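Undergrad: Sending over a structure as C-alpha cells; questions will come in a sec.
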Amino acid sequence: MTDTSHVPAEVPPNVPGRPVGRRTVLFGTGAAVAGLAVGACTTSEPSPTATATATAAATGDVCTLTKELTEGPYYLDGQLVRADITDGKAGIPLKLTLTVVDAGTCEPLPDALVELWHSDALGEYSGFVGRNGHDEPDNGTFLRGGVLTDSSGVAAITTVYPGWYRGRCIHIHVKVHTNVTPTSDGHFTGGQEIHTGQLFFDEKVTDAVARVTPYSTNSVTRTTLAQDSIYDEGGATSGLLTLSGTSSTGYTGTLTLGVER
C-alpha cells in the first residue's frame, strides 16, 4: 500500500517549501532521460515490452521520475465505480484518458481502479459544499468516482473541467488501487492503494476556461500553477496533463501514470 506517513497535507501558498513525496514513474517526453528509460525497462534478454519501450524512447516517449502528492482534505471513501462522474454538474466537458503502467516493468496494469475527485466550477467539493463560500446542493458524490483499467492499462473517465478554491491552483486528485472488488451497489471494497497524486492543467487553457460561465462566477481569487504550494513545475513528471480542445467544445486530457506495486 502507499506509504503516506511522509506526505504533507495541502497547505496554502504562503507556507515555505513544496512537498516532496515518494518517487514514482510517469511516461513523459524528452531525450535527456532516454537512457534512464531504456535502462529501467530492459533486461539482458529484452522482452517485447522492453523493446517497445526502447522504440518509444527513440521517438520521445520515455520513462521519467516524479513524486507522489498529498491526498488533501477532501477525500471520501467508498465512491462509485463509474466512467462518468459529472452527476449533472455544469461545466466544460473533460474526457480523461489515463494509462497506468507498472513502474518496475513498464508494462500496462490492467484491472487497477483509477479513482478521481475534484471541485466543481465554483471550487466546491461534494460532501464539503460551502467551504469555498458558495451555496449549492450537495449530494456527496458529484465529481467523484473511478473506473477499472482495461487490458491496456487505460482508464477513460468523463467529467468537467475543475474550478478553483482558495489557496490552490486547478487540479484533480487521483488514487490508484489494485485488487479491489466491485460491489452490486456500484461501489468497491478492499484492495491496496498504490498511488496518490494530482493532475494539473496548463495555465493558458485555464485562462480561457475562467472566462466562461459558470467558472466566471467563481468569486475566489485564482491561484496559478506558479503560485501553487503543491505543484513543483515539473510538467508531465508532476502530473501536468496533455490537453486538446477548446472552451466551447470541451477538452481531452491524457497522461501515462507509472505506479509501484
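Chain identifiers are assigned as A, B, and so on, following the order in which chains appear in the C-alpha cells; residues are numbered from 1 within each chain, and ligands are numbered from 1 in order of appearance.
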Quick check for you: according to DSSP on this backbone, which residues of region 116-219 of chain A are classed as strand (DSSP E or B)? Reply as number ranges by chain.
TA: A: 116-117, 144-148, 154-160, 171-178, 181-182, 188-189, 192-200
Undergrad: Would you save the residues from that selection as an mmCIF file, in the first residue's frame, using N, CA and C atoms?
TA:
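File written: result-v7.cif
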data_model
loop_
_atom_site.group_PDB
_atom_site.id
_atom_site.type_symbol
_atom_site.label_atom_id
_atom_site.label_comp_id
_atom_site.auth_asym_id
_atom_site.auth_seq_id
_atom_site.Cartn_x
_atom_site.Cartn_y
_atom_site.Cartn_z
ATOM 1 N N LEU A 116 -10.837 9.307 -9.035
ATOM 2 C CA LEU A 116 -10.643 10.746 -9.124
ATOM 3 C C LEU A 116 -11.624 11.483 -8.223
ATOM 4 N N TRP A 117 -11.230 12.660 -7.778
ATOM 5 C CA TRP A 117 -12.165 13.588 -7.127
ATOM 6 C C TRP A 117 -11.619 15.002 -7.305
ATOM 7 N N ARG A 144 -16.866 12.664 -8.233
ATOM 8 C CA ARG A 144 -16.113 11.637 -7.523
ATOM 9 C C ARG A 144 -16.405 10.286 -8.164
ATOM 10 N N GLY A 145 -15.408 9.428 -8.210
ATOM 11 C CA GLY A 145 -15.616 8.071 -8.705
ATOM 12 C C GLY A 145 -14.391 7.564 -9.437
ATOM 13 N N GLY A 146 -14.488 6.330 -9.903
ATOM 14 C CA GLY A 146 -13.346 5.735 -10.577
ATOM 15 C C GLY A 146 -13.764 4.636 -11.522
ATOM 16 N N VAL A 147 -12.796 4.151 -12.270
ATOM 17 C CA VAL A 147 -13.048 3.121 -13.268
ATOM 18 C C VAL A 147 -11.863 2.162 -13.295
ATOM 19 N N LEU A 148 -12.143 0.907 -13.627
ATOM 20 C CA LEU A 148 -11.073 -0.086 -13.748
ATOM 21 C C LEU A 148 -10.374 0.064 -15.092
ATOM 22 N N VAL A 154 -5.655 1.265 -19.573
ATOM 23 C CA VAL A 154 -6.275 2.561 -19.831
ATOM 24 C C VAL A 154 -7.543 2.736 -19.013
ATOM 25 N N ALA A 155 -7.650 3.895 -18.358
ATOM 26 C CA ALA A 155 -8.869 4.300 -17.661
ATOM 27 C C ALA A 155 -9.417 5.533 -18.362
ATOM 28 N N ALA A 156 -10.635 5.439 -18.892
ATOM 29 C CA ALA A 156 -11.275 6.558 -19.577
ATOM 30 C C ALA A 156 -12.395 7.096 -18.695
ATOM 31 N N ILE A 157 -12.311 8.359 -18.322
ATOM 32 C CA ILE A 157 -13.260 8.950 -17.380
ATOM 33 C C ILE A 157 -13.768 10.278 -17.931
ATOM 34 N N THR A 158 -15.074 10.482 -17.846
ATOM 35 C CA THR A 158 -15.701 11.717 -18.289
ATOM 36 C C THR A 158 -16.071 12.569 -17.081
ATOM 37 N N THR A 159 -15.703 13.842 -17.133
ATOM 38 C CA THR A 159 -16.016 14.758 -16.044
ATOM 39 C C THR A 159 -16.178 16.158 -16.630
ATOM 40 N N VAL A 160 -16.018 17.182 -15.815
ATOM 41 C CA VAL A 160 -15.985 18.562 -16.296
ATOM 42 C C VAL A 160 -14.678 19.198 -15.839
ATOM 43 N N HIS A 171 -6.776 21.604 -10.110
ATOM 44 C CA HIS A 171 -6.170 20.270 -10.083
ATOM 45 C C HIS A 171 -7.252 19.212 -9.904
ATOM 46 N N ILE A 172 -6.867 17.978 -10.150
ATOM 47 C CA ILE A 172 -7.707 16.801 -9.885
ATOM 48 C C ILE A 172 -6.893 15.842 -9.030
ATOM 49 N N HIS A 173 -7.515 15.312 -7.994
ATOM 50 C CA HIS A 173 -6.856 14.299 -7.167
ATOM 51 C C HIS A 173 -7.036 12.916 -7.793
ATOM 52 N N VAL A 174 -6.035 12.063 -7.641
ATOM 53 C CA VAL A 174 -6.101 10.719 -8.213
ATOM 54 C C VAL A 174 -5.490 9.715 -7.244
ATOM 55 N N LYS A 175 -6.136 8.564 -7.140
ATOM 56 C CA LYS A 175 -5.585 7.409 -6.442
ATOM 57 C C LYS A 175 -5.655 6.210 -7.391
ATOM 58 N N VAL A 176 -4.705 5.297 -7.237
ATOM 59 C CA VAL A 176 -4.741 4.033 -7.971
ATOM 60 C C VAL A 176 -4.777 2.901 -6.948
ATOM 61 N N HIS A 177 -5.747 2.008 -7.114
ATOM 62 C CA HIS A 177 -5.905 0.852 -6.234
ATOM 63 C C HIS A 177 -5.786 -0.426 -7.067
ATOM 64 N N THR A 178 -5.269 -1.475 -6.477
ATOM 65 C CA THR A 178 -5.269 -2.793 -7.104
ATOM 66 C C THR A 178 -6.084 -3.767 -6.256
ATOM 67 N N THR A 181 -12.691 -5.025 -5.183
ATOM 68 C CA THR A 181 -13.855 -5.836 -5.523
ATOM 69 C C THR A 181 -15.048 -4.916 -5.756
ATOM 70 N N PRO A 182 -15.514 -4.786 -7.011
ATOM 71 C CA PRO A 182 -16.728 -4.006 -7.249
ATOM 72 C C PRO A 182 -17.918 -4.657 -6.555
ATOM 73 N N PHE A 188 -17.014 -0.066 -4.416
ATOM 74 C CA PHE A 188 -15.957 -1.064 -4.391
ATOM 75 C C PHE A 188 -15.477 -1.257 -2.963
ATOM 76 N N THR A 189 -14.892 -2.413 -2.707
ATOM 77 C CA THR A 189 -14.339 -2.704 -1.391
ATOM 78 C C THR A 189 -12.954 -3.309 -1.544
ATOM 79 N N GLN A 192 -5.639 -2.601 -2.509
ATOM 80 C CA GLN A 192 -4.475 -1.899 -1.983
ATOM 81 C C GLN A 192 -4.325 -0.561 -2.708
ATOM 82 N N GLU A 193 -4.135 0.486 -1.952
ATOM 83 C CA GLU A 193 -3.883 1.803 -2.531
ATOM 84 C C GLU A 193 -2.393 1.899 -2.844
ATOM 85 N N ILE A 194 -2.039 2.069 -4.118
ATOM 86 C CA ILE A 194 -0.630 2.041 -4.505
ATOM 87 C C ILE A 194 -0.119 3.380 -5.026
ATOM 88 N N HIS A 195 -0.994 4.334 -5.231
ATOM 89 C CA HIS A 195 -0.525 5.642 -5.692
ATOM 90 C C HIS A 195 -1.521 6.725 -5.300
ATOM 91 N N THR A 196 -0.989 7.864 -4.861
ATOM 92 C CA THR A 196 -1.789 9.059 -4.597
ATOM 93 C C THR A 196 -1.101 10.235 -5.265
ATOM 94 N N GLY A 197 -1.825 10.959 -6.102
ATOM 95 C CA GLY A 197 -1.215 12.084 -6.802
ATOM 96 C C GLY A 197 -2.241 13.123 -7.192
ATOM 97 N N GLN A 198 -1.826 14.037 -8.045
ATOM 98 C CA GLN A 198 -2.712 15.081 -8.544
ATOM 99 C C GLN A 198 -2.431 15.337 -10.018
ATOM 100 N N LEU A 199 -3.457 15.773 -10.743
ATOM 101 C CA LEU A 199 -3.354 16.122 -12.152
ATOM 102 C C LEU A 199 -3.519 17.635 -12.275
ATOM 103 N N PHE A 200 -2.730 18.240 -13.186
ATOM 104 C CA PHE A 200 -2.720 19.691 -13.312
ATOM 105 C C PHE A 200 -3.010 20.129 -14.749
#
Undergrad: List every residue of region 209-241 of chain A that has an atom at most 12 Å from any atom of region 93-107 of chain A, giving for each one its closest atom pair and the distance in Å to one decimal, counting only C-alpha atoms, sorted by chain and then by ascending residue number, as JSON lines.
TA:
{"residue": "A:Val209", "atom": "CA", "partner": "A:Pro93", "partner_atom": "CA", "distance": 10.9}
{"residue": "A:Gly239", "atom": "CA", "partner": "A:Leu98", "partner_atom": "CA", "distance": 10.8}
{"residue": "A:Leu240", "atom": "CA", "partner": "A:Leu98", "partner_atom": "CA", "distance": 11.9}
{"residue": "A:Leu241", "atom": "CA", "partner": "A:Leu96", "partner_atom": "CA", "distance": 9.1}
Undergrad: With only C-alpha atoms as the basis for distance, which of A:Ser229, A:Ala112, A:Lys89, A:Asp185 is at the shortest distance from Asp138 (chain A)?
TA: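 Looking at the shortest contact to Asp138 (chain A), the residue is A:Lys89.
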Undergrad: CA of Tyr75 (chain A) to CA of Gly186 (chain A): how many Å, to one decimal?
TA: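 Separation of CA of Tyr75 (chain A) and CA of Gly186 (chain A): 18.1 Å.
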Undergrad: Considering only C-alpha atoms, return as a PyMOL selection string whatever protein or nucleic-acid residues lie within 7 Å of region 162-170 of chain A, sequence-local ones (same chain, fewer than 4 positions apart) excluded.
TA: chain A and resi 12-13+118-123+132+200-201+215+220-225+228
Undergrad: A:Tyr251, A:Glu203, A:Ser244, A:Val212: which is nearest Gln227 (chain A), counting only C-alpha atoms?
TA: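 Closest candidate: A:Glu203.
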Undergrad: Would you mind telling me which residue in A:Ser247, A:Leu76, A:Arg211, A:Ser152 lies nearest to Tyr125 (chain A) when using only C-alpha atoms?
TA: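 Using only C-alpha atoms, Tyr125 (chain A) sits closest to A:Leu76.
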Undergrad: Have a look at CA of His187 (chain A) and CA of Pro73 (chain A) and let me know their distance in Å, one decimal.
TA: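 These two atoms are separated by 21.1 Å.
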Undergrad: Out of A:Glu136, A:Gly130, A:Asp202, A:Ile92, which residue has the shortest atom-to-atom distance to Thr246 (chain A) when counting only C-alpha atoms?
TA: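 Of the candidates, the smallest distance to Thr246 (chain A) is held by A:Ile92.
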